[in-house]
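Asks: Let me give you the structure first, and then I'll get to my questions.
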Amino acid sequence: MSPRDVAYDCVMAVSTEGAYANLLMPSLLDKARLSGRDAGFATELAYGTLRMRGLYDAIIDRAAQRDPRDLDPEVRVALWLGAHQALAMRVPAHAAVNETVEQVRRERNVGASKFANAVMRRITERDHEAWLAIVAPGDTTADVAVRHSHPAWVVEELDRALAADGHEGETVALLESDNSPARVTLVARPGLIDREELVQEAGGEAGEYSPYAVVLPGGRPGDLPSVAEGAAAVQDEGSQVVAAALAAAQPIEPGERWLDLCSGPGGKAALLGALAADGAATLDAVELHPHRADLVRRSTRAVPEGVVSIHVGDGTVWGEGGMYDRIVLDAPCSGLGALRRRPESRWRRQPEDLPGLETLQRGLLANAERLLAPGGLLAYITCSPVVGETRDIVRGSTLRQLDAREAVAEVTGTTPRMWGAGPHVQLWTHIHGTDAMFLALLEKPGA
């Protein structure tokens, strides 16, 4: 199977079957026995196509004089891939045309391949900048959305979030960062592997903010022994920082009870479990779905026995009140802060999803407040900067909001003022190079 076939299979499965590219692509590469440059080509072709399909739909619409949504899925996907090769990957025009035509002939028929040939020839008559001048010539939200291949409603939400956080006028920079592939970042789980050991093993370099982060130049992190054993794992540096901030907010007393209320797939639970073990604390990890609870179990397998207990349950009602000294609530959210890592997610979310998510977030926070012991700390986290999912949710809390910048500064070895105006911390992809994680630290009075 060729790299182009692998990319086609990935984009088709993501677009028509609801698959996730980051989960599917490794298995497709293994099945096709692709590695090195071929694997890199297939991955960039698939991920880049999934990110930029909104722009390519606008170009196909002009080139074909047909709404791309009316095309057969096989034809539409092949044209996306062809457009990405010709306009973004420096593939020669004739190769992009021929490969697209052959793909459509194999997947559909000769008639469809002739249509694809005509459309691809029109697409390759112009370069990327020339097409932008035609399909997105202005500065309206609609034009910005097409130019940077985001749904218009997502652009509006990100623009609002940036303005609320003192970053008005930086929307284009954020959208551009969403379209730049993220480097692979590992976490060296404390007490399980030293970061310098992981740097040597992986051939990477220390991360900029997290004391546990190792950034890789590429490759397959799953092949590393420390990752296979669970001492290290792939985890965004921002995710590491906001989780570790809960542990750093105040000294850990032996015997503390911690809770991860929405723990799947387990990255934060494993990091917190390692930190809990170091401080003689324990962690309960709750997950609604049994299959995701299994992922948490696998993620935490290297943490010393007896530290992490995994429970299947509904985080909005689970547990007895007043039991936990520290709680992390990594709430289900729109995921609009992680668009560079999840190329398809911008197209799957709809604006009507937000009210339901916000209701769920409020319900989870209310239960977390009930479960928190007097004097306890609660970290409310999302991988979304959307105002309705972040500061608006926290504003309704009954708890006292602390200055999260101090805990983040403690983790990162920086100063609090580096992390905005407070009291929350909002990371930004275009500023920090991490996912756009939100962190609020809340305290229950009465200790």
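For the structure tokens, the naming scheme is as follows: chains receive sequential letters (A, B, ...) according to their order of presentation, residues are indexed from 1 within each chain, and ligands are indexed from 1 in presentation order.
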Can you list, as a list in words, every protein, DNA or RNA residue that comes within 12 Å of Met418 in chain A when you count only C-alpha atoms, leaving out same-chain residues fewer than 2 positions away?
Replies: Tyr209, Ala404, Arg405, Glu406, Val408, Ala409, Glu410, Thr412, Gly413, Thr414, Thr415, Pro416, Gly420, Ala421, Gly422, Val425, Gln426, Leu427, Ile431 and His432 of chain A
Asks: Name all residues at most 6 Å from Lys444 in chain A (count only C-alpha atoms; drop same-chain ones fewer than 2 positions away) and give them as a list of chain:residue names.
Replies: A:Pro374, A:Gly375, A:Gly376, A:Leu399
Asks: Residues of range 108-249 of chain A classed as strand (DSSP E) by DSSP on the backbone are to be reported as a list in words.
Replies: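 Filtering range 108-249 of chain A to strand (DSSP E) leaves Thr185, Leu186, Val187, Ala188, Glu205, Ala206, Ala213, Val214, Val215, Ala232, Ala233 and Val234 of chain A.
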Asks: Create the file for the chosen residues now, containing N, CA and C atoms and written as a PDB file, in the first residue's frame.
Replies:
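Result went into result38.pdb, see below:
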ATOM      1  N   THR A 185       5.466  15.499  22.330  1.00  0.00           N
ATOM      2  CA  THR A 185       5.978  15.786  23.665  1.00  0.00           C
ATOM      3  C   THR A 185       5.684  14.607  24.582  1.00  0.00           C
ATOM      4  N   LEU A 186       6.696  14.184  25.314  1.00  0.00           N
ATOM      5  CA  LEU A 186       6.561  13.110  26.292  1.00  0.00           C
ATOM      6  C   LEU A 186       6.561  13.684  27.695  1.00  0.00           C
ATOM      7  N   VAL A 187       5.984  12.944  28.628  1.00  0.00           N
ATOM      8  CA  VAL A 187       6.081  13.248  30.052  1.00  0.00           C
ATOM      9  C   VAL A 187       6.924  12.175  30.718  1.00  0.00           C
ATOM     10  N   ALA A 188       7.932  12.604  31.450  1.00  0.00           N
ATOM     11  CA  ALA A 188       8.727  11.697  32.283  1.00  0.00           C
ATOM     12  C   ALA A 188       8.075  11.679  33.655  1.00  0.00           C
ATOM     13  N   GLU A 205      14.768  16.740  23.666  1.00  0.00           N
ATOM     14  CA  GLU A 205      15.285  17.835  24.464  1.00  0.00           C
ATOM     15  C   GLU A 205      14.269  18.210  25.523  1.00  0.00           C
ATOM     16  N   ALA A 206      14.725  18.803  26.605  1.00  0.00           N
ATOM     17  CA  ALA A 206      13.838  19.180  27.697  1.00  0.00           C
ATOM     18  C   ALA A 206      12.816  20.209  27.224  1.00  0.00           C
ATOM     19  N   ALA A 213       8.720  17.443  30.894  1.00  0.00           N
ATOM     20  CA  ALA A 213       8.483  17.364  29.457  1.00  0.00           C
ATOM     21  C   ALA A 213       9.768  17.103  28.678  1.00  0.00           C
ATOM     22  N   VAL A 214       9.647  16.241  27.670  1.00  0.00           N
ATOM     23  CA  VAL A 214      10.716  15.969  26.711  1.00  0.00           C
ATOM     24  C   VAL A 214      10.113  16.083  25.315  1.00  0.00           C
ATOM     25  N   VAL A 215      10.688  16.946  24.507  1.00  0.00           N
ATOM     26  CA  VAL A 215      10.175  17.189  23.160  1.00  0.00           C
ATOM     27  C   VAL A 215      11.005  16.389  22.164  1.00  0.00           C
ATOM     28  N   ALA A 232       6.851   6.661  31.023  1.00  0.00           N
ATOM     29  CA  ALA A 232       6.711   7.880  30.233  1.00  0.00           C
ATOM     30  C   ALA A 232       5.538   7.692  29.295  1.00  0.00           C
ATOM     31  N   ALA A 233       5.071   8.793  28.713  1.00  0.00           N
ATOM     32  CA  ALA A 233       3.939   8.728  27.799  1.00  0.00           C
ATOM     33  C   ALA A 233       3.909  10.004  26.968  1.00  0.00           C
ATOM     34  N   VAL A 234       3.154   9.961  25.888  1.00  0.00           N
ATOM     35  CA  VAL A 234       2.895  11.175  25.109  1.00  0.00           C
ATOM     36  C   VAL A 234       1.898  12.030  25.879  1.00  0.00           C
TER      37      VAL A 234
END
Asks: Neighbouring residues of range 88-105 of chain A were defined as those with any atom within 7 Å, considering only C-alpha atoms; residues of the same chain fewer than 5 positions away were excluded. Please report them as a list in words.
Replies: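 So, after excluding close chain neighbours, the residues are Glu74, Val75, Ala78, Leu79, Gly82, Val110, Ala112, Ser113, Ala116, Asn117, Met120, Arg121 and Thr124 of chain A.
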Asks: Need to verify the contact set: Tyr324 in chain A, 6 Å, only C-alpha atoms, exclusion of same-chain residues closer than 6 positions in sequence. Can you return it as an mmCIF file with N, CA and C atoms, in the first residue's frame?
Replies:
data_model
loop_
_atom_site.group_PDB
_atom_site.id
_atom_site.type_symbol
_atom_site.label_atom_id
_atom_site.label_comp_id
_atom_site.auth_asym_id
_atom_site.auth_seq_id
_atom_site.Cartn_x
_atom_site.Cartn_y
_atom_site.Cartn_z
ATOM 1 N N ARG A 257 -5.930 12.526 50.347
ATOM 2 C CA ARG A 257 -6.733 11.794 49.363
ATOM 3 C C ARG A 257 -7.008 12.725 48.194
ATOM 4 N N TRP A 258 -6.668 12.254 47.005
ATOM 5 C CA TRP A 258 -6.864 13.038 45.781
ATOM 6 C C TRP A 258 -7.891 12.338 44.893
ATOM 7 N N LEU A 372 -15.195 17.852 47.875
ATOM 8 C CA LEU A 372 -13.979 18.478 48.391
ATOM 9 C C LEU A 372 -14.068 18.686 49.900
ATOM 10 N N ALA A 373 -13.011 18.307 50.594
ATOM 11 C CA ALA A 373 -12.968 18.494 52.046
ATOM 12 C C ALA A 373 -12.731 19.967 52.371
#
Asks: Excluding same-chain residues fewer than 2 positions from range 359-365 of chain A, what lies within 7 Å of it counting only C-alpha atoms, as a VMD selection string?
Replies: chain A and resid 315 to 316 331 355 to 357 367 to 369 393
Asks: What does the structure give for the distance between CA of Arg195 in chain A and CA of Gly335 in chain A, in Å to one decimal?
Replies: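 Between these atoms lies a distance of 28.2 Å.
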Asks: Pick out the closest residue to Thr382 in chain A from this set: A:Gly337, A:Gly446, A:Gly48, A:Gly273. Count only C-alpha atoms.
Replies: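 Under the stated criterion, the closest residue is A:Gly337.
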Asks: Name all residues at most 12 Å from Asp67 in chain A (count only C-alpha atoms; drop same-chain ones fewer than 6 positions away) and give them as a PDB file with C-alpha atoms, in the first residue's frame.
Replies:
ATOM      1  CA  TYR A  56     -10.140  23.014  -0.164  1.00  0.00           C
ATOM      2  CA  ASP A  57     -13.918  22.777  -0.258  1.00  0.00           C
ATOM      3  CA  ALA A  58     -14.046  26.474  -1.163  1.00  0.00           C
ATOM      4  CA  ILE A  59     -11.492  25.915  -3.932  1.00  0.00           C
ATOM      5  CA  ILE A  60     -13.249  22.783  -5.236  1.00  0.00           C
ATOM      6  CA  ASP A  61     -16.541  24.688  -5.245  1.00  0.00           C
ATOM      7  CA  ARG A  76     -14.504  14.676  -2.470  1.00  0.00           C
TER       8      ARG A  76
END
Asks: Contacts between range 26-47 of chain A and range 312-351 of chain A, please, where a residue of range 312-351 of chain A counts if it comes within 12 Å (with only C-alpha atoms); show its shortest atom pair and distance in Å to one decimal, rows by chain and ascending number, as a tab-separated table.
Replies:
residue	atom	partner	partner_atom	distance
A:Leu339	CA	A:Tyr47	CA	11.1
A:Arg340	CA	A:Tyr47	CA	9.3
A:Arg341	CA	A:Tyr47	CA	9.1
A:Arg342	CA	A:Tyr47	CA	8.6
A:Pro343	CA	A:Tyr47	CA	6.1
A:Glu344	CA	A:Tyr47	CA	8.3
A:Ser345	CA	A:Tyr47	CA	11.5
Asks: As a PyMOL selection string, please: every residue in range 46-204 of chain A that a backbone DSSP assignment puts in helix (DSSP H, G or I).
Replies: chain A and resi 46-64+68-70+73-88+93-107+110-123+128-135+141-147+152-164+171-178+195-202
Asks: Have a look at A:Val386, A:Val317, A:Val286, A:Ala277 and name the one nearest to Ala366 in chain A; count only C-alpha atoms.
Replies: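 Smallest distance to Ala366 in chain A is found for A:Val317.
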Asks: How close does range 68-180 of chain A get to range 435-438 of chain A? List, as JSON lines, each residue of range 68-180 of chain A within 12 Å, its nearest atom pair and the distance in Å to one decimal, counting only C-alpha atoms.
Replies:
{"residue": "A:Leu158", "atom": "CA", "partner": "A:Ala436", "partner_atom": "CA", "distance": 10.4}
{"residue": "A:Ala161", "atom": "CA", "partner": "A:Ala436", "partner_atom": "CA", "distance": 10.7}
{"residue": "A:Leu162", "atom": "CA", "partner": "A:Ala436", "partner_atom": "CA", "distance": 10.7}
{"residue": "A:Asp165", "atom": "CA", "partner": "A:Phe438", "partner_atom": "CA", "distance": 11.0}
{"residue": "A:Leu174", "atom": "CA", "partner": "A:Ala436", "partner_atom": "CA", "distance": 9.7}
{"residue": "A:Leu175", "atom": "CA", "partner": "A:Ala436", "partner_atom": "CA", "distance": 11.9}
{"residue": "A:Ser177", "atom": "CA", "partner": "A:Asp435", "partner_atom": "CA", "distance": 10.0}
{"residue": "A:Asp178", "atom": "CA", "partner": "A:Asp435", "partner_atom": "CA", "distance": 9.2}
{"residue": "A:Ser180", "atom": "CA", "partner": "A:Asp435", "partner_atom": "CA", "distance": 12.0}
Asks: Select, from A:Leu377, A:Leu55, A:Ala280, A:Val119, the residue with the minimum atom-to-atom distance to Val135 in chain A, counting only C-alpha atoms.
Replies: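 Going through A:Leu377, A:Leu55, A:Ala280, A:Val119 one by one, the smallest distance to Val135 in chain A is for A:Leu55.
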Asks: Which one of A:Thr49, A:Gln350, A:Thr300, A:Thr390 sits closest to Ala285 in chain A if you count only C-alpha atoms?
Replies: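 The shortest atom-to-atom distance to Ala285 in chain A comes from A:Thr300.
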Asks: Between CA of Cys262 in chain A and CA of Asp194 in chain A, what is the distance in Å, rounded to a tenth?
Replies: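 Distance reported for this atom pair: 27.3 Å.
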Asks: Taking only C-alpha atoms into account, name the residue in A:Gly166, A:Pro73, A:Pro304, A:Pro151 that is nearest to Pro351 in chain A.
Replies: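 Nearest candidate to Pro351 in chain A out of A:Gly166, A:Pro73, A:Pro304, A:Pro151: A:Pro151.
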Asks: In Å, with one decimal, what is the gap from CA of Trp347 in chain A to CA of Val14 in chain A?
Replies: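 Here the two named atoms are 10.7 Å from each other.
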